[in-house]
$ cat query.pdb   # PDB, C-alpha atoms, pLDDT in the B column
ATOM      1  CA  MET J   1      10.020 115.246  43.250  1.00 65.00           C
ATOM      2  CA  PRO J   2       6.681 113.423  42.672  1.00 80.00           C
ATOM      3  CA  PHE J   3       4.437 114.935  40.009  1.00 85.00           C
ATOM      4  CA  ILE J   4       1.582 115.464  42.463  1.00 90.00           C
ATOM      5  CA  TYR J   5       3.853 117.562  44.665  1.00 90.00           C
ATOM      6  CA  GLY J   6       4.727 119.777  41.722  1.00 92.00           C
ATOM      7  CA  VAL J   7       1.046 120.234  40.846  1.00 93.00           C
ATOM      8  CA  ALA J   8       0.206 121.116  44.454  1.00 93.00           C
ATOM      9  CA  MET J   9       2.989 123.716  44.634  1.00 95.00           C
ATOM     10  CA  PHE J  10       2.043 125.231  41.265  1.00 94.00           C
ATOM     11  CA  LEU J  11      -1.644 125.598  42.183  1.00 93.00           C
ATOM     12  CA  ALA J  12      -0.873 126.965  45.644  1.00 91.00           C
ATOM     13  CA  ALA J  13       1.545 129.535  44.214  1.00 93.00           C
ATOM     14  CA  PHE J  14      -0.859 130.561  41.425  1.00 92.00           C
ATOM     15  CA  PHE J  15      -3.717 131.284  43.815  1.00 86.00           C
ATOM     16  CA  ALA J  16      -1.293 132.882  46.267  1.00 86.00           C
ATOM     17  CA  GLY J  17      -0.284 135.268  43.475  1.00 85.00           C
ATOM     18  CA  VAL J  18      -3.961 136.070  42.881  1.00 82.00           C
ATOM     19  CA  VAL J  19      -4.588 136.695  46.591  1.00 79.00           C
ATOM     20  CA  ASN J  20      -1.450 138.821  47.004  1.00 77.00           C
ATOM     21  CA  SER J  21      -2.413 140.941  44.021  1.00 74.00           C
ATOM     22  CA  ILE J  22      -5.865 141.652  45.445  1.00 72.00           C
ATOM     23  CA  ALA J  23      -5.132 141.976  49.160  1.00 66.00           C
ATOM     24  CA  GLY J  24      -2.348 139.870  50.628  1.00 69.00           C
ATOM     25  CA  GLY J  25      -2.083 136.626  52.527  1.00 71.00           C
ATOM     26  CA  GLY J  26      -0.810 134.354  49.780  1.00 80.00           C
ATOM     27  CA  THR J  27       1.827 133.022  52.170  1.00 81.00           C
ATOM     28  CA  LEU J  28      -0.964 131.153  53.963  1.00 77.00           C
ATOM     29  CA  LEU J  29      -1.461 129.094  50.796  1.00 82.00           C
ATOM     30  CA  THR J  30       2.167 128.343  49.955  1.00 88.00           C
ATOM     31  CA  PHE J  31       3.616 128.005  53.470  1.00 82.00           C
ATOM     32  CA  PRO J  32       1.396 125.055  54.560  1.00 81.00           C
ATOM     33  CA  VAL J  33       2.064 123.238  51.274  1.00 86.00           C
ATOM     34  CA  LEU J  34       5.819 123.504  51.775  1.00 89.00           C
ATOM     35  CA  ILE J  35       5.461 122.280  55.352  1.00 81.00           C
ATOM     36  CA  TRP J  36       3.404 119.356  54.010  1.00 84.00           C
ATOM     37  CA  LEU J  37       6.291 118.552  51.658  1.00 89.00           C
ATOM     38  CA  GLY J  38       8.545 118.178  54.679  1.00 83.00           C
ATOM     39  CA  LEU J  39      10.529 121.430  54.673  1.00 85.00           C
ATOM     40  CA  ASP J  40      11.805 122.985  57.878  1.00 81.00           C
ATOM     41  CA  PRO J  41       9.434 125.844  58.856  1.00 80.00           C
ATOM     42  CA  LYS J  42      12.117 128.503  58.489  1.00 83.00           C
ATOM     43  CA  VAL J  43      13.157 127.116  55.068  1.00 87.00           C
ATOM     44  CA  ALA J  44       9.496 126.904  54.051  1.00 86.00           C
ATOM     45  CA  ASN J  45       8.996 130.571  54.997  1.00 85.00           C
ATOM     46  CA  ALA J  46      12.068 131.724  53.072  1.00 90.00           C
ATOM     47  CA  THR J  47      11.230 129.568  50.041  1.00 93.00           C
ATOM     48  CA  SER J  48       7.682 130.914  50.020  1.00 91.00           C
ATOM     49  CA  THR J  49       8.946 134.506  50.185  1.00 90.00           C
ATOM     50  CA  VAL J  50      11.266 134.000  47.220  1.00 92.00           C
ATOM     51  CA  ALA J  51       8.588 132.150  45.244  1.00 91.00           C
ATOM     52  CA  LEU J  52       5.912 134.823  45.696  1.00 89.00           C
ATOM     53  CA  TRP J  53       8.211 137.788  45.066  1.00 88.00           C
ATOM     54  CA  PRO J  54       7.957 137.685  41.229  1.00 84.00           C
ATOM     55  CA  GLY J  55       4.171 137.488  41.464  1.00 80.00           C
ATOM     56  CA  LEU J  56       4.138 141.013  42.898  1.00 81.00           C
ATOM     57  CA  PHE J  57       5.588 142.277  39.618  1.00 83.00           C
ATOM     58  CA  GLY J  58       2.641 140.760  37.760  1.00 75.00           C
ATOM     59  CA  GLY J  59       0.240 142.499  40.119  1.00 72.00           C
ATOM     60  CA  LEU J  60       2.134 145.771  39.811  1.00 80.00           C
ATOM     61  CA  PHE J  61       1.964 145.625  36.009  1.00 77.00           C
ATOM     62  CA  GLY J  62      -1.760 144.915  36.156  1.00 73.00           C
ATOM     63  CA  TYR J  63      -2.361 148.098  38.188  1.00 77.00           C
ATOM     64  CA  ARG J  64       0.050 150.324  36.260  1.00 79.00           C
ATOM     65  CA  ARG J  65      -2.714 152.601  34.906  1.00 79.00           C
ATOM     66  CA  GLU J  66      -4.018 153.379  38.382  1.00 76.00           C
ATOM     67  CA  MET J  67      -0.620 154.488  39.673  1.00 78.00           C
ATOM     68  CA  ASN J  68      -0.189 157.753  37.794  1.00 77.00           C
ATOM     69  CA  ASP J  69       1.132 160.640  39.915  1.00 74.00           C
ATOM     70  CA  SER J  70       2.383 158.267  42.629  1.00 75.00           C
ATOM     71  CA  SER J  71       6.122 158.682  42.096  1.00 82.00           C
ATOM     72  CA  MET J  72       6.779 160.599  45.331  1.00 85.00           C
ATOM     73  CA  MET J  73       4.888 158.048  47.411  1.00 84.00           C
ATOM     74  CA  LEU J  74       6.642 155.142  45.696  1.00 88.00           C
ATOM     75  CA  MET J  75      10.102 156.623  46.300  1.00 91.00           C
ATOM     76  CA  ARG J  76       9.645 157.605  49.950  1.00 90.00           C
ATOM     77  CA  LEU J  77       7.649 154.604  51.114  1.00 91.00           C
ATOM     78  CA  GLY J  78       9.724 152.317  48.887  1.00 93.00           C
ATOM     79  CA  ALA J  79      12.946 153.384  50.612  1.00 95.00           C
ATOM     80  CA  THR J  80      11.261 152.915  53.987  1.00 94.00           C
ATOM     81  CA  SER J  81      10.162 149.439  52.917  1.00 94.00           C
ATOM     82  CA  VAL J  82      13.685 148.409  51.936  1.00 95.00           C
ATOM     83  CA  VAL J  83      15.066 149.368  55.358  1.00 96.00           C
ATOM     84  CA  GLY J  84      12.207 147.794  57.310  1.00 95.00           C
ATOM     85  CA  GLY J  85      12.160 144.657  55.148  1.00 94.00           C
ATOM     86  CA  GLY J  86      15.892 144.178  55.699  1.00 95.00           C
ATOM     87  CA  LEU J  87      15.454 144.463  59.453  1.00 96.00           C
ATOM     88  CA  GLY J  88      12.580 141.978  59.425  1.00 93.00           C
ATOM     89  CA  ALA J  89      14.581 139.461  57.372  1.00 93.00           C
ATOM     90  CA  TRP J  90      17.492 139.790  59.790  1.00 93.00           C
ATOM     91  CA  LEU J  91      15.172 139.107  62.728  1.00 91.00           C
ATOM     92  CA  LEU J  92      13.905 135.940  61.057  1.00 87.00           C
ATOM     93  CA  ILE J  93      17.438 134.710  60.415  1.00 89.00           C
ATOM     94  CA  VAL J  94      18.793 135.278  63.926  1.00 87.00           C
ATOM     95  CA  THR J  95      15.754 134.542  66.132  1.00 78.00           C
ATOM     96  CA  PRO J  96      13.240 131.681  66.457  1.00 75.00           C
ATOM     97  CA  SER J  97       9.865 132.517  64.953  1.00 65.00           C
ATOM     98  CA  ALA J  98       7.568 130.687  67.418  1.00 75.00           C
ATOM     99  CA  THR J  99       6.782 133.669  69.664  1.00 75.00           C
ATOM    100  CA  PHE J 100       6.122 136.079  66.827  1.00 68.00           C
ATOM    101  CA  ALA J 101       4.096 133.486  64.918  1.00 68.00           C
ATOM    102  CA  ARG J 102       1.665 133.292  67.835  1.00 77.00           C
ATOM    103  CA  LEU J 103       0.961 137.015  67.432  1.00 77.00           C
ATOM    104  CA  VAL J 104       0.353 136.863  63.682  1.00 72.00           C
ATOM    105  CA  PRO J 105      -3.377 135.887  63.749  1.00 81.00           C
ATOM    106  CA  PHE J 106      -4.189 138.751  66.115  1.00 83.00           C
ATOM    107  CA  LEU J 107      -2.214 141.244  64.028  1.00 75.00           C
ATOM    108  CA  ILE J 108      -4.059 140.179  60.888  1.00 75.00           C
ATOM    109  CA  LEU J 109      -7.420 140.305  62.677  1.00 82.00           C
ATOM    110  CA  PHE J 110      -6.692 143.853  63.884  1.00 78.00           C
ATOM    111  CA  ALA J 111      -5.689 144.921  60.370  1.00 73.00           C
ATOM    112  CA  THR J 112      -8.862 143.412  58.888  1.00 76.00           C
ATOM    113  CA  ILE J 113     -11.102 145.180  61.399  1.00 80.00           C
ATOM    114  CA  LEU J 114      -9.164 148.386  60.771  1.00 70.00           C
ATOM    115  CA  PHE J 115      -9.812 147.999  57.051  1.00 71.00           C
ATOM    116  CA  MET J 116     -13.530 147.457  57.643  1.00 75.00           C
ATOM    117  CA  LEU J 117     -13.755 150.615  59.761  1.00 72.00           C
ATOM    118  CA  GLN J 118     -11.386 152.789  57.755  1.00 63.00           C
ATOM    119  CA  ALA J 119     -14.053 155.144  56.362  1.00 61.00           C
ATOM    120  CA  PRO J 120     -15.642 156.205  59.700  1.00 66.00           C
ATOM    121  CA  VAL J 121     -12.273 156.189  61.486  1.00 58.00           C
ATOM    122  CA  THR J 122     -10.757 158.395  58.791  1.00 54.00           C
ATOM    123  CA  ARG J 123     -13.614 160.890  59.172  1.00 60.00           C
ATOM    124  CA  TRP J 124     -13.282 160.806  62.968  1.00 58.00           C
ATOM    125  CA  LEU J 125      -9.508 161.301  62.934  1.00 51.00           C
ATOM    126  CA  ARG J 126      -9.674 163.755  60.006  1.00 53.00           C
ATOM    127  CA  LEU J 127      -6.302 162.511  58.784  1.00 52.00           C
ATOM    128  CA  PRO J 128      -4.876 164.622  55.958  1.00 54.00           C
ATOM    129  CA  SER J 129      -4.131 163.360  52.485  1.00 53.00           C
ATOM    130  CA  PRO J 130      -0.733 163.951  50.846  1.00 53.00           C
ATOM    131  CA  THR J 131      -2.258 166.752  48.781  1.00 52.00           C
ATOM    132  CA  THR J 132      -4.231 168.548  51.506  1.00 51.00           C
ATOM    133  CA  GLY J 133      -3.467 169.677  55.002  1.00 51.00           C
ATOM    134  CA  SER J 134      -0.041 169.255  56.483  1.00 57.00           C
ATOM    135  CA  GLN J 135       2.144 167.202  54.176  1.00 68.00           C
ATOM    136  CA  THR J 136       4.743 166.845  56.934  1.00 71.00           C
ATOM    137  CA  SER J 137       2.210 165.208  59.262  1.00 75.00           C
ATOM    138  CA  TRP J 138       0.939 162.886  56.544  1.00 74.00           C
ATOM    139  CA  TRP J 139       4.406 161.743  55.511  1.00 81.00           C
ATOM    140  CA  THR J 140       5.506 161.224  59.110  1.00 85.00           C
ATOM    141  CA  ILE J 141       2.536 158.963  59.821  1.00 83.00           C
ATOM    142  CA  ALA J 142       2.870 157.120  56.502  1.00 83.00           C
ATOM    143  CA  ILE J 143       6.598 156.446  56.893  1.00 89.00           C
ATOM    144  CA  VAL J 144       6.313 155.245  60.513  1.00 90.00           C
ATOM    145  CA  VAL J 145       3.407 152.913  59.715  1.00 87.00           C
ATOM    146  CA  GLN J 146       5.111 151.538  56.620  1.00 90.00           C
ATOM    147  CA  PHE J 147       8.393 150.989  58.461  1.00 93.00           C
ATOM    148  CA  PHE J 148       6.792 148.674  61.030  1.00 91.00           C
ATOM    149  CA  SER J 149       4.697 147.014  58.336  1.00 88.00           C
ATOM    150  CA  ALA J 150       7.891 146.327  56.377  1.00 92.00           C
ATOM    151  CA  ILE J 151       9.570 144.768  59.432  1.00 92.00           C
ATOM    152  CA  TYR J 152       6.652 142.372  59.761  1.00 87.00           C
ATOM    153  CA  GLY J 153       6.697 141.734  56.007  1.00 87.00           C
ATOM    154  CA  GLY J 154      10.376 140.859  56.017  1.00 90.00           C
ATOM    155  CA  TYR J 155       9.938 138.579  59.020  1.00 86.00           C
ATOM    156  CA  PHE J 156       6.892 136.537  57.977  1.00 81.00           C
ATOM    157  CA  GLY J 157       4.579 138.630  55.826  1.00 73.00           C
ATOM    158  CA  ALA J 158       1.292 136.695  55.865  1.00 71.00           C
ATOM    159  CA  GLY J 159      -1.439 139.320  55.629  1.00 71.00           C
ATOM    160  CA  ASN J 160       1.032 142.191  55.332  1.00 80.00           C
ATOM    161  CA  GLY J 161      -0.820 143.444  52.265  1.00 79.00           C
ATOM    162  CA  ILE J 162      -3.952 143.907  54.380  1.00 76.00           C
ATOM    163  CA  TRP J 163      -1.898 145.933  56.878  1.00 77.00           C
ATOM    164  CA  MET J 164      -0.693 148.216  54.099  1.00 83.00           C
ATOM    165  CA  LEU J 165      -4.147 148.612  52.537  1.00 80.00           C
ATOM    166  CA  ALA J 166      -5.659 149.438  55.933  1.00 74.00           C
ATOM    167  CA  ALA J 167      -2.939 151.997  56.615  1.00 76.00           C
ATOM    168  CA  MET J 168      -3.337 153.659  53.213  1.00 78.00           C
ATOM    169  CA  GLY J 169      -7.091 153.812  53.707  1.00 75.00           C
ATOM    170  CA  LEU J 170      -6.693 155.514  57.077  1.00 69.00           C
ATOM    171  CA  LEU J 171      -4.282 157.960  55.480  1.00 70.00           C
ATOM    172  CA  GLY J 172      -6.942 159.073  53.024  1.00 73.00           C
ATOM    173  CA  MET J 173      -6.284 156.934  49.936  1.00 76.00           C
ATOM    174  CA  ASN J 174      -9.786 155.923  48.862  1.00 73.00           C
ATOM    175  CA  ASP J 175      -9.034 154.386  45.444  1.00 79.00           C
ATOM    176  CA  ILE J 176      -8.580 150.696  46.267  1.00 77.00           C
ATOM    177  CA  HIS J 177      -7.018 149.911  42.888  1.00 78.00           C
ATOM    178  CA  ARG J 178      -4.371 152.611  43.260  1.00 83.00           C
ATOM    179  CA  ALA J 179      -3.731 151.439  46.809  1.00 84.00           C
ATOM    180  CA  ASN J 180      -3.339 147.867  45.565  1.00 81.00           C
ATOM    181  CA  GLY J 181      -0.771 148.935  42.983  1.00 85.00           C
ATOM    182  CA  ILE J 182       1.252 150.875  45.562  1.00 89.00           C
ATOM    183  CA  LYS J 183       0.943 147.947  47.980  1.00 87.00           C
ATOM    184  CA  ASN J 184       2.392 145.580  45.379  1.00 85.00           C
ATOM    185  CA  PHE J 185       5.317 147.941  44.738  1.00 91.00           C
ATOM    186  CA  LEU J 186       6.046 148.238  48.458  1.00 92.00           C
ATOM    187  CA  GLY J 187       5.826 144.460  48.755  1.00 90.00           C
ATOM    188  CA  ILE J 188       8.473 144.165  46.044  1.00 91.00           C
ATOM    189  CA  CYS J 189      10.731 146.529  47.993  1.00 93.00           C
ATOM    190  CA  ILE J 190      10.216 144.629  51.254  1.00 93.00           C
ATOM    191  CA  ASN J 191      10.796 141.194  49.787  1.00 90.00           C
ATOM    192  CA  SER J 192      13.715 142.197  47.566  1.00 92.00           C
ATOM    193  CA  VAL J 193      15.930 142.588  50.625  1.00 92.00           C
ATOM    194  CA  ALA J 194      14.490 139.438  52.197  1.00 90.00           C
ATOM    195  CA  VAL J 195      15.168 137.418  49.026  1.00 91.00           C
ATOM    196  CA  VAL J 196      18.827 138.443  49.055  1.00 93.00           C
ATOM    197  CA  ALA J 197      19.199 137.766  52.797  1.00 93.00           C
ATOM    198  CA  PHE J 198      17.540 134.356  52.639  1.00 92.00           C
ATOM    199  CA  SER J 199      19.596 133.389  49.599  1.00 92.00           C
ATOM    200  CA  ILE J 200      22.884 134.323  51.245  1.00 93.00           C
ATOM    201  CA  THR J 201      22.020 132.330  54.374  1.00 91.00           C
ATOM    202  CA  HIS J 202      20.984 129.249  52.325  1.00 91.00           C
ATOM    203  CA  LEU J 203      17.411 129.143  53.572  1.00 90.00           C
ATOM    204  CA  VAL J 204      15.849 128.743  50.097  1.00 93.00           C
ATOM    205  CA  SER J 205      14.912 125.477  48.372  1.00 93.00           C
ATOM    206  CA  TRP J 206      15.551 126.719  44.839  1.00 93.00           C
ATOM    207  CA  PRO J 207      13.905 123.981  42.702  1.00 92.00           C
ATOM    208  CA  ARG J 208      10.633 124.403  44.558  1.00 93.00           C
ATOM    209  CA  SER J 209      10.940 128.176  44.669  1.00 93.00           C
ATOM    210  CA  LEU J 210      11.524 128.578  40.927  1.00 94.00           C
ATOM    211  CA  LEU J 211       8.540 126.394  40.020  1.00 94.00           C
ATOM    212  CA  MET J 212       6.279 128.332  42.347  1.00 95.00           C
ATOM    213  CA  ALA J 213       7.645 131.683  41.136  1.00 93.00           C
ATOM    214  CA  VAL J 214       6.348 131.021  37.609  1.00 93.00           C
ATOM    215  CA  ALA J 215       2.897 130.181  38.960  1.00 93.00           C
ATOM    216  CA  ALA J 216       2.840 133.178  41.310  1.00 90.00           C
ATOM    217  CA  SER J 217       3.718 135.558  38.450  1.00 87.00           C
ATOM    218  CA  LEU J 218       0.817 134.276  36.370  1.00 88.00           C
ATOM    219  CA  GLY J 219      -1.507 134.485  39.366  1.00 86.00           C
ATOM    220  CA  GLY J 220      -0.407 138.016  40.228  1.00 81.00           C
ATOM    221  CA  TYR J 221      -1.186 139.363  36.759  1.00 79.00           C
ATOM    222  CA  PHE J 222      -4.476 137.452  36.545  1.00 81.00           C
ATOM    223  CA  GLY J 223      -5.536 138.724  39.966  1.00 76.00           C
ATOM    224  CA  ALA J 224      -4.815 142.358  39.095  1.00 69.00           C
ATOM    225  CA  ARG J 225      -6.755 142.188  35.835  1.00 71.00           C
ATOM    226  CA  THR J 226      -9.682 140.496  37.568  1.00 72.00           C
ATOM    227  CA  ALA J 227      -9.728 143.043  40.393  1.00 64.00           C
ATOM    228  CA  ARG J 228      -9.881 145.960  37.956  1.00 60.00           C
ATOM    229  CA  ARG J 229     -12.968 144.472  36.290  1.00 68.00           C
ATOM    230  CA  VAL J 230     -15.130 143.495  39.243  1.00 64.00           C
ATOM    231  CA  GLY J 231     -15.203 146.879  41.013  1.00 64.00           C
ATOM    232  CA  GLN J 232     -14.010 148.347  44.287  1.00 60.00           C
ATOM    233  CA  GLY J 233     -16.957 147.255  46.451  1.00 69.00           C
ATOM    234  CA  PHE J 234     -16.443 143.588  45.673  1.00 72.00           C
ATOM    235  CA  ILE J 235     -12.700 143.873  46.251  1.00 68.00           C
ATOM    236  CA  ARG J 236     -13.214 145.525  49.636  1.00 68.00           C
ATOM    237  CA  ARG J 237     -15.558 142.736  50.733  1.00 77.00           C
ATOM    238  CA  SER J 238     -13.109 140.136  49.417  1.00 74.00           C
ATOM    239  CA  ILE J 239     -10.267 141.696  51.405  1.00 72.00           C
ATOM    240  CA  VAL J 240     -12.301 141.485  54.613  1.00 78.00           C
ATOM    241  CA  VAL J 241     -13.199 137.838  53.929  1.00 83.00           C
ATOM    242  CA  ILE J 242      -9.555 136.989  53.172  1.00 77.00           C
ATOM    243  CA  GLY J 243      -8.456 138.640  56.399  1.00 77.00           C
ATOM    244  CA  PHE J 244     -10.903 136.665  58.547  1.00 86.00           C
ATOM    245  CA  VAL J 245     -10.106 133.399  56.761  1.00 83.00           C
ATOM    246  CA  ILE J 246      -6.373 133.900  57.332  1.00 77.00           C
ATOM    247  CA  THR J 247      -7.029 134.628  61.022  1.00 81.00           C
ATOM    248  CA  ILE J 248      -9.145 131.498  61.483  1.00 86.00           C
ATOM    249  CA  VAL J 249      -6.662 129.274  59.643  1.00 80.00           C
ATOM    250  CA  MET J 250      -3.706 130.517  61.662  1.00 75.00           C
ATOM    251  CA  LEU J 251      -5.558 130.191  64.979  1.00 82.00           C
ATOM    252  CA  TRP J 252      -6.494 126.647  64.016  1.00 82.00           C
ATOM    253  CA  ARG J 253      -2.878 125.833  63.201  1.00 72.00           C
ATOM    254  CA  MET J 254      -1.818 127.094  66.635  1.00 71.00           C
ATOM    255  CA  ARG J 255      -4.018 124.594  68.528  1.00 71.00           C
TER
END

$ encode --input "query.pdb" --output "structure tokens"
Amino acid sequence: MPFIYGVAMFLAAFFAGVVNSIAGGGTLLTFPVLIWLGLDPKVANATSTVALWPGLFGGLFGYRREMNDSSMMLMRLGATSVVGGGLGAWLLIVTPSATFARLVPFLILFATILFMLQAPVTRWLRLPSPTTGSQTSWWTIAIVVQFFSAIYGGYFGAGNGIWMLAAMGLLGMNDIHRANGIKNFLGICINSVAVVAFSITHLVSWPRSLLMAVAASLGGYFGARTARRVGQGFIRRSIVVIGFVITIVMLWRMR
């Protein structure tokens, strides 16, 4: 493998780890690079998923202080994520991705707009939090939303972090750093099943994936530490910008 290819993959995976730690969408950095290197699109998607998976651990560790008293949410939504992620991975393996890929930009755009409007929409809907109101209603909504988010995450996953952040905001979680930590944990759950499924079906280019995994881990930890220092307002604006950029890039690629 030429040296320049290795440098390109390392840099793409590092910044993808940073982006995934803050919001999500790192796949849009690694996936095009792997396509540029000549990989089949389905192999590129699987290789990217495996490569970025360790980076979520770095992001999770960086947000560990913000995740106190989240054990119930992690267990319930984590189990939901495993089931949904497995279903999404299965769909990728057995079906062509062209039709679903055409929907991805519009799904990400909707999630970004939802994130922008989460404060007024939350007040209008008066959705309960897990500590107030009806816990049964809150958990029902949270589990259903996360299940479909996990299916998408297991299938392709670009921008799935924005989906999860938007959903958590609508469900009354206002601390963006805590939400980011929970999002990274749920991403680990989703992609853990996908990693196993893609490995068993021989869709992973391991030399490329292992190199990018090291870079993504460093980027994930760096991104989490940076996000905790710059404040929630900046992170919220960054998430919106990332969402629109991902939408524009994917629409451009579809031309």

$ closest_residue --input "query.pdb" --among "J:Ser21, J:Thr47, J:Thr80, J:Asn184" --to "Tyr221 (chain J)" --atoms "all atoms listed in the file"
J:Ser21

$ closest_residue --input "query.pdb" --among "J:Lys42, J:Arg64, J:Arg76, J:Arg102" --to "Met250 (chain J)" --atoms "only C-alpha atoms"
J:Arg102

$ resolve_selection --input "query.pdb" --expression "the PyMOL selection byres ((chain J and resi 81) around 8)" --output "PyMOL selection string"
chain J and resi 77-80+82-85+146-147+150+186-187+189-190

$ atom_distance --input "query.pdb" --atom1 "CA of Thr201 (chain J)" --atom2 "CA of Val50 (chain J)"
13.0 Å

$ resolve_selection --input "query.pdb" --expression "the PyMOL selection byres ((chain J and resi 22-39) around 9)" --output "number ranges by chain"
J: 5, 8-9, 12-13, 15-21, 40-45, 47-49, 51-52, 59, 156-163, 165, 177, 180, 183, 205, 208, 212, 220, 223-224, 226-227, 235-236, 238-239, 242-243, 246, 249-250

$ resolve_selection --input "query.pdb" --expression "the PyMOL selection byres ((chain J and resi 142) around 12)" --output "ChimeraX atom specification"
/J:73-74,76-78,80-81,127-130,135-141,143-150,164-173

$ atom_distance --input "query.pdb" --atom1 "CA of Gly6 (chain J)" --atom2 "CA of Val214 (chain J)"
12.1 Å

$ residues_around --input "query.pdb" --residues "Phe244 (chain J)" --least-positions-apart "4" --cutoff "8 Å" --atoms "only C-alpha atoms" --output "PDB file with C-alpha atoms, keeping the file's coordinate frame"
ATOM      1  CA  LEU J 109      -7.420 140.305  62.677  1.00 82.00           C
ATOM      2  CA  THR J 112      -8.862 143.412  58.888  1.00 76.00           C
ATOM      3  CA  VAL J 240     -12.301 141.485  54.613  1.00 78.00           C
ATOM      4  CA  ILE J 248      -9.145 131.498  61.483  1.00 86.00           C
TER       5      ILE J 248
END

$ closest_residue --input "query.pdb" --among "J:Tyr152, J:Thr247, J:Met254, J:Asp175" --to "Pro105 (chain J)" --atoms "all atoms listed in the file"
J:Thr247

$ atom_distance --input "query.pdb" --atom1 "CA of Phe110 (chain J)" --atom2 "CA of Arg225 (chain J)"
28.1 Å

$ closest_residue --input "query.pdb" --among "J:Ala216, J:Ala197, J:Ile182, J:Val241" --to "Ser70 (chain J)" --atoms "all atoms listed in the file"
J:Ile182

$ closest_residue --input "query.pdb" --among "J:Phe106, J:Phe222, J:Val195, J:Ala111" --to "Tyr155 (chain J)" --atoms "all atoms listed in the file"
J:Val195
